[in-house]
$ cat target_30.txt   # compact mmCIF, C-alpha atoms
# COMPACT_ATOMS: atom_id res chain seq x y z
CA MET A 1 169.49 59.27 187.49
CA LYS A 2 172.31 58.64 189.94
CA GLY A 3 172.71 59.09 193.65
CA LEU A 4 170.42 61.06 195.90
CA SER A 5 167.82 63.39 194.41
CA THR A 6 166.53 66.51 196.14
CA PHE A 7 163.44 64.48 197.03
CA ASP A 8 165.56 61.82 198.76
CA ILE A 9 167.51 64.47 200.69
CA ALA A 10 164.44 66.33 201.96
CA GLY A 11 162.42 63.12 202.46
CA ARG A 12 165.07 61.51 204.68
CA ALA A 13 165.44 64.72 206.67
CA MET A 14 161.67 64.80 207.22
CA ALA A 15 161.70 61.17 208.36
CA SER A 16 164.55 61.93 210.78
CA GLN A 17 162.72 64.92 212.21
CA LEU A 18 159.61 62.76 212.70
CA VAL A 19 161.68 60.22 214.66
CA ARG A 20 162.80 63.14 216.84
CA MET A 21 159.17 64.29 217.23
CA ASN A 22 158.13 60.77 218.31
CA ALA A 23 160.94 60.71 220.87
CA ILE A 24 159.77 64.07 222.25
CA ALA A 25 156.20 62.76 222.49
CA SER A 26 157.46 59.72 224.45
CA ASN A 27 159.51 61.95 226.74
CA LEU A 28 156.61 64.29 227.48
CA ALA A 29 154.25 61.35 228.04
CA ASN A 30 156.67 59.90 230.57
CA ALA A 31 157.62 63.22 232.18
CA GLY A 32 155.81 62.51 235.42
CA SER A 33 156.45 58.79 235.72
CA ILE A 34 157.90 57.37 238.93
CA SER A 35 159.92 54.22 239.42
CA GLY A 36 160.89 52.18 242.45
CA THR A 37 164.41 51.48 241.12
CA GLU A 38 167.06 53.67 239.51
CA GLN A 39 167.38 51.27 236.55
CA GLY A 40 163.64 51.27 235.98
CA ALA A 41 163.32 55.06 235.91
CA TYR A 42 162.60 56.68 232.55
CA ARG A 43 165.45 58.52 230.83
CA ALA A 44 164.75 61.02 228.03
CA LEU A 45 165.08 59.57 224.52
CA ARG A 46 167.23 61.53 222.05
CA PRO A 47 167.91 60.62 218.42
CA VAL A 48 171.54 60.98 217.32
CA PHE A 49 171.63 62.53 213.86
CA ALA A 50 174.44 61.67 211.47
CA THR A 51 175.18 63.08 208.02
CA ARG A 52 175.10 60.59 205.17
CA TYR A 53 177.14 61.63 202.16
CA ASP A 54 176.61 60.46 198.62
CA GLY A 55 179.09 62.28 196.44
CA ALA A 56 178.30 65.98 196.57
CA ALA A 57 174.89 65.35 198.13
CA ALA A 58 174.39 65.09 201.88
CA THR A 59 171.37 63.95 203.81
CA VAL A 60 170.68 62.99 207.39
CA ASP A 61 169.97 59.70 209.12
CA VAL A 62 169.20 58.71 212.70
CA ALA A 63 172.37 56.84 213.71
CA SER A 64 171.09 55.71 217.11
CA MET A 65 168.76 56.58 219.95
CA ALA A 66 170.42 57.78 223.15
CA ARG A 67 169.04 57.70 226.68
CA THR A 68 170.01 60.90 228.45
CA GLY A 69 169.78 62.42 231.91
CA THR A 70 170.02 60.97 235.40
CA PRO A 71 166.81 60.17 237.31
CA GLU A 72 166.32 62.20 240.47
CA ARG A 73 165.99 60.37 243.80
CA LYS A 74 163.16 61.67 245.93
CA LEU A 75 162.03 60.82 249.45
CA ASP A 76 158.38 59.80 249.31
CA PRO A 77 157.71 57.03 251.89
CA HIS A 78 153.97 56.95 251.21
CA HIS A 79 154.38 56.24 247.52
CA PRO A 80 153.33 52.64 246.69
CA LEU A 81 156.53 52.16 244.64
CA ALA A 82 158.89 53.44 247.33
CA ASP A 83 161.85 51.17 248.17
CA ALA A 84 162.95 50.01 251.65
CA THR A 85 164.48 53.43 252.43
CA GLY A 86 161.29 55.23 251.30
CA HIS A 87 162.82 56.65 248.10
CA VAL A 88 161.45 56.75 244.53
CA TRP A 89 163.12 57.80 241.25
CA GLN A 90 161.61 60.47 239.05
CA ALA A 91 161.82 60.31 235.25
CA ALA A 92 164.82 62.23 233.84
CA VAL A 93 162.76 64.50 231.60
CA ASP A 94 162.84 68.31 231.52
CA PRO A 95 159.46 69.36 230.06
CA ASN A 96 160.76 72.85 229.19
CA GLN A 97 163.62 71.43 227.19
CA GLU A 98 161.24 69.05 225.43
CA MET A 99 158.97 71.94 224.40
CA VAL A 100 161.93 73.85 222.95
CA GLU A 101 163.04 70.72 221.08
CA MET A 102 159.49 70.29 219.78
CA VAL A 103 159.37 73.80 218.31
CA GLU A 104 162.81 73.33 216.72
CA THR A 105 161.73 69.99 215.24
CA ALA A 106 158.55 71.48 213.77
CA ARG A 107 160.53 74.32 212.19
CA ALA A 108 163.14 71.97 210.73
CA TYR A 109 160.39 69.75 209.35
CA ALA A 110 158.62 72.73 207.74
CA ASN A 111 161.90 73.86 206.13
CA ASN A 112 162.31 70.47 204.50
CA VAL A 113 158.71 70.47 203.29
CA GLU A 114 159.45 73.83 201.65
CA VAL A 115 162.55 72.38 199.95
CA LEU A 116 160.47 69.47 198.71
CA SER A 117 157.67 71.59 197.28
CA THR A 118 160.14 73.97 195.56
CA ALA A 119 162.02 71.02 194.03
CA ARG A 120 158.70 69.56 192.90
CA GLY A 121 157.70 72.83 191.19
CA LEU A 122 161.07 73.07 189.42
CA ALA A 123 160.91 69.43 188.31
CA LEU A 124 157.42 69.93 186.90
CA ASP A 125 158.58 73.02 184.98
CA THR A 126 161.57 71.06 183.66
CA LEU A 127 159.24 68.32 182.42
CA ARG A 128 157.40 70.88 180.34
CA ILE A 129 160.60 72.06 178.64
CA GLY A 130 160.23 72.93 174.96
CA LYS A 131 156.46 73.13 175.08
CA MET B 132 174.56 65.31 170.37
CA THR B 133 177.51 67.73 170.28
CA MET B 134 175.69 69.81 167.70
CA LEU B 135 172.68 70.00 169.97
CA ASP B 136 174.93 70.93 172.91
CA SER B 137 176.46 73.85 171.00
CA ALA B 138 173.02 74.93 169.79
CA LEU B 139 171.61 75.03 173.30
CA GLY B 140 174.55 77.07 174.54
CA LEU B 141 175.43 77.86 178.12
CA SER B 142 171.86 77.58 179.39
CA ALA B 143 171.99 73.77 179.45
CA ALA B 144 175.19 73.80 181.52
CA ALA B 145 173.70 76.48 183.79
CA LEU B 146 170.58 74.40 184.38
CA LYS B 147 172.73 71.42 185.38
CA LEU B 148 174.81 73.51 187.78
CA ARG B 149 171.69 75.06 189.34
CA GLY B 150 170.28 71.57 189.81
CA GLN B 151 173.48 70.47 191.58
CA ARG B 152 173.46 73.54 193.81
CA LEU B 153 169.82 72.84 194.70
CA ASP B 154 170.89 69.44 196.05
CA VAL B 155 173.82 70.89 198.01
CA ILE B 156 171.64 73.52 199.72
CA ALA B 157 168.90 70.93 200.33
CA GLY B 158 171.60 68.89 202.08
CA ASN B 159 172.49 71.86 204.29
CA ILE B 160 168.86 72.39 205.25
CA ALA B 161 168.45 68.65 205.91
CA ASN B 162 171.44 68.74 208.27
CA ALA B 163 170.38 71.88 210.15
CA SER B 164 170.31 69.95 213.43
CA THR B 165 173.15 67.48 212.88
CA PRO B 166 176.03 68.07 215.32
CA GLY B 167 179.34 68.82 213.60
CA PHE B 168 177.91 69.28 210.11
CA LYS B 169 179.71 71.91 208.04
CA ALA B 170 177.50 73.80 205.57
CA ARG B 171 178.69 73.69 201.96
CA ASP B 172 177.84 75.61 198.84
CA LEU B 173 178.48 75.41 195.14
CA ASP B 174 179.90 78.54 193.51
CA ALA B 175 177.70 78.14 190.44
CA ASP B 176 178.52 81.60 189.06
CA ALA B 177 182.28 80.93 189.12
CA ALA B 178 181.82 77.46 187.64
CA LEU B 179 179.66 78.92 184.90
CA ALA B 180 182.22 81.64 184.18
CA ARG B 181 184.90 78.94 183.83
CA ILE B 182 182.71 76.98 181.43
CA GLY B 183 181.95 80.15 179.47
CA ALA B 184 185.63 81.13 179.25
CA GLY B 185 186.59 77.64 178.06
CA GLY B 186 184.24 77.87 175.10
CA PHE B 187 182.81 74.64 173.79
CA ALA B 188 185.65 72.52 175.24
CA GLY B 189 184.91 74.12 178.60
CA MET B 190 181.28 73.19 178.27
CA LEU B 191 182.23 69.52 177.84
CA ALA B 192 184.31 69.80 181.01
CA GLY B 193 181.25 71.21 182.75
CA GLU B 194 180.53 67.77 184.21
CA GLN B 195 183.49 68.16 186.55
CA ALA B 196 183.01 71.88 187.09
CA GLY B 197 180.25 71.40 189.64
CA ALA B 198 182.22 69.08 191.89
CA GLY B 199 185.31 71.32 191.78
CA ALA B 200 183.39 74.41 192.88
CA LEU B 201 182.08 72.85 196.11
CA LYS B 202 183.28 74.86 199.12
CA PHE B 203 182.58 75.09 202.83
CA ARG B 204 180.59 78.09 203.93
CA ALA B 205 182.25 80.51 206.37
CA ALA B 206 180.18 80.28 209.53
CA LEU B 207 178.39 83.48 210.46
CA GLN B 208 177.72 82.29 214.00
CA PRO B 209 179.05 78.79 214.70
CA SER B 210 177.03 76.88 217.27
CA LEU B 211 178.45 74.98 220.22
CA ASP B 212 177.92 71.56 218.61
CA GLY B 213 180.08 72.46 215.59
CA ASN B 214 177.18 72.85 213.16
CA THR B 215 177.66 75.77 210.76
CA VAL B 216 174.24 75.79 209.08
CA ASP B 217 172.70 79.26 209.27
CA MET B 218 169.08 78.71 208.34
CA ALA B 219 168.41 82.28 207.13
CA THR B 220 171.45 82.15 204.81
CA GLU B 221 170.43 78.74 203.48
CA GLN B 222 166.85 79.80 202.86
CA ALA B 223 167.98 82.90 200.98
CA ALA B 224 170.48 80.89 198.92
CA PHE B 225 167.84 78.28 198.18
CA ALA B 226 165.29 80.87 197.00
CA GLU B 227 167.92 82.61 194.86
CA ASN B 228 169.00 79.33 193.33
CA ALA B 229 165.42 78.26 192.57
CA LEU B 230 164.84 81.59 190.80
CA LYS B 231 168.04 81.24 188.76
CA TYR B 232 167.11 77.65 187.88
CA ARG B 233 163.81 78.94 186.57
CA ALA B 234 165.60 81.69 184.61
CA SER B 235 167.97 79.16 183.01
CA LEU B 236 164.96 77.04 182.16
CA GLU B 237 163.30 80.02 180.45
CA PHE B 238 166.44 80.79 178.41
CA LEU B 239 166.69 77.14 177.41
CA ASN B 240 163.03 77.16 176.44
CA GLY B 241 163.62 80.23 174.27
CA ARG B 242 166.52 78.49 172.52
CA ILE B 243 164.38 75.43 171.85
CA GLN B 244 161.53 77.56 170.53
CA THR B 245 163.97 79.35 168.21
CA LEU B 246 165.35 76.06 166.91
CA MET B 247 161.84 74.68 166.43
CA SER B 248 160.66 77.69 164.46
CA ALA B 249 163.83 77.59 162.32
CA MET B 250 163.15 73.95 161.45
CA ARG B 251 159.46 74.45 160.72
CA PRO B 252 158.64 75.18 157.07
CA GLU B 253 156.17 78.02 156.66
$ encode --input "target_30.txt" --output "structure tokens"
Amino acid sequence: MKGLSTFDIAGRAMASQLVRMNAIASNLANAGSISGTEQGAYRALRPVFATRYDGAAATVDVASMARTGTPERKLDPHHPLADATGHVWQAAVDPNQEMVEMVETARAYANNVEVLSTARGLALDTLRIGK
Amino acid sequence: MTMLDSALGLSAAALKLRGQRLDVIAGNIANASTPGFKARDLDADAALARIGAGGFAGMLAGEQAGAGALKFRAALQPSLDGNTVDMATEQAAFAENALKYRASLEFLNGRIQTLMSAMRPE
């Protein structure tokens, strides 16, 4: 057996999609968070997918995690975290976009599960060859 | 080994090609959300025809046939991030390939059964 098998390809893709799902969960959990400084404000986490080739086979890996978006400055003098000018910074998370990403992630994950179970069925049939 | 290869015929080469194509399409599905990924496919039918036309010598060259038949898929609707994986196309190709793998397996099984019954004294 050489290189990546179908199980490796689908398994790595599932792991990558789970990383993405975890990032979405973090983003949604922090959607409403407020910070007193621009640096301290939460920025949406996004995994950067990269193709990994092994001969004819290709699978996917998470190359890095990116922080995206710019926190919005809001005037809220009564907020306990407000700075000297009475401003706070809202987390750079768009809940709508996160929900769309979540659905896409779930679908991609399910597709890979289907690949895995089909490959498993074929491998089991191949094991029984000649019987 | 060579005798066994010729006895099993094209089905063994077909099974190998179908297995390779399964991996290629699995790779496309795995990279459905990777920016810039170009979907690829293995023209298993053409590779098989080449092996068939080459006779037994062609069958020995079947190892390389799979790699040579790897092509990029023409994008039906390319997305903005440069990814050309069309999930419906990939799913259909995957289902078709799994079915053909199973068919090749059945043919191979039939060959083996024939050989077994020929070798068995009544």
$ closest_residue --input "target_30.txt" --among "B:Val155, B:Ala145, B:Met134, B:Leu179" --to "Ala57 (chain A)" --atoms "all atoms listed in the file"
B:Val155
$ interface_residues --input "target_30.txt" --of "chain B" --to "chain A" --cutoff "10 Å" --atoms "all atoms listed in the file" --output "compact mmCIF listing (two decimals) with C-alpha atoms, in the frame of the given file"
# COMPACT_ATOMS: atom_id res chain seq x y z
CA LEU B 146 170.58 74.40 184.38
CA GLY B 150 170.28 71.57 189.81
CA GLN B 151 173.48 70.47 191.58
CA ARG B 152 173.46 73.54 193.81
CA LEU B 153 169.82 72.84 194.70
CA ASP B 154 170.89 69.44 196.05
CA VAL B 155 173.82 70.89 198.01
CA ILE B 156 171.64 73.52 199.72
CA ALA B 157 168.90 70.93 200.33
CA GLY B 158 171.60 68.89 202.08
CA ASN B 159 172.49 71.86 204.29
CA ILE B 160 168.86 72.39 205.25
CA ALA B 161 168.45 68.65 205.91
CA ASN B 162 171.44 68.74 208.27
CA ALA B 163 170.38 71.88 210.15
CA SER B 164 170.31 69.95 213.43
CA THR B 165 173.15 67.48 212.88
CA PRO B 166 176.03 68.07 215.32
CA GLY B 167 179.34 68.82 213.60
CA PHE B 168 177.91 69.28 210.11
CA LYS B 169 179.71 71.91 208.04
CA ALA B 170 177.50 73.80 205.57
CA ARG B 171 178.69 73.69 201.96
CA ASP B 172 177.84 75.61 198.84
CA LEU B 173 178.48 75.41 195.14
CA GLY B 197 180.25 71.40 189.64
CA ALA B 198 182.22 69.08 191.89
CA LEU B 201 182.08 72.85 196.11
CA MET B 218 169.08 78.71 208.34
CA GLN B 222 166.85 79.80 202.86
CA PHE B 225 167.84 78.28 198.18
CA ALA B 226 165.29 80.87 197.00
CA ALA B 229 165.42 78.26 192.57
CA LEU B 230 164.84 81.59 190.80
CA TYR B 232 167.11 77.65 187.88
CA ARG B 233 163.81 78.94 186.57
CA LEU B 236 164.96 77.04 182.16
CA GLU B 237 163.30 80.02 180.45
CA LEU B 239 166.69 77.14 177.41
CA ASN B 240 163.03 77.16 176.44
CA GLY B 241 163.62 80.23 174.27
CA ARG B 242 166.52 78.49 172.52
CA ILE B 243 164.38 75.43 171.85
CA GLN B 244 161.53 77.56 170.53
CA MET B 247 161.84 74.68 166.43
$ closest_residue --input "target_30.txt" --among "A:Pro47, A:Pro95, A:Gly32, A:Gly40" --to "Thr68 (chain A)" --atoms "all atoms listed in the file"
A:Pro47
$ residues_around --input "target_30.txt" --residues "Asn27 (chain A)" --least-positions-apart "4" --cutoff "7 Å" --atoms "all atoms listed in the file" --output "CSV table (one decimal) with C-alpha atoms, in the coordinates of the input"
chain,number,residue,atom,x,y,z
A,23,ALA,CA,160.9,60.7,220.9
A,31,ALA,CA,157.6,63.2,232.2
A,44,ALA,CA,164.8,61.0,228.0
A,45,LEU,CA,165.1,59.6,224.5
A,93,VAL,CA,162.8,64.5,231.6
$ residues_around --input "target_30.txt" --residues "Pro77 (chain A)" --least-positions-apart "2" --cutoff "8 Å" --atoms "only C-alpha atoms" --output "JSON, numbers by chain"
{"A": [75, 79, 82, 85, 86, 87]}
$ residues_around --input "target_30.txt" --residues "Leu28 (chain A)" --least-positions-apart "2" --cutoff "12 Å" --atoms "all atoms listed in the file" --output "ChimeraX atom specification"
/A:21-26,30-33,42-45,91-102
$ atom_distance --input "target_30.txt" --atom1 "CA of Asn228 (chain B)" --atom2 "CA of Ala177 (chain B)"
14.0 Å
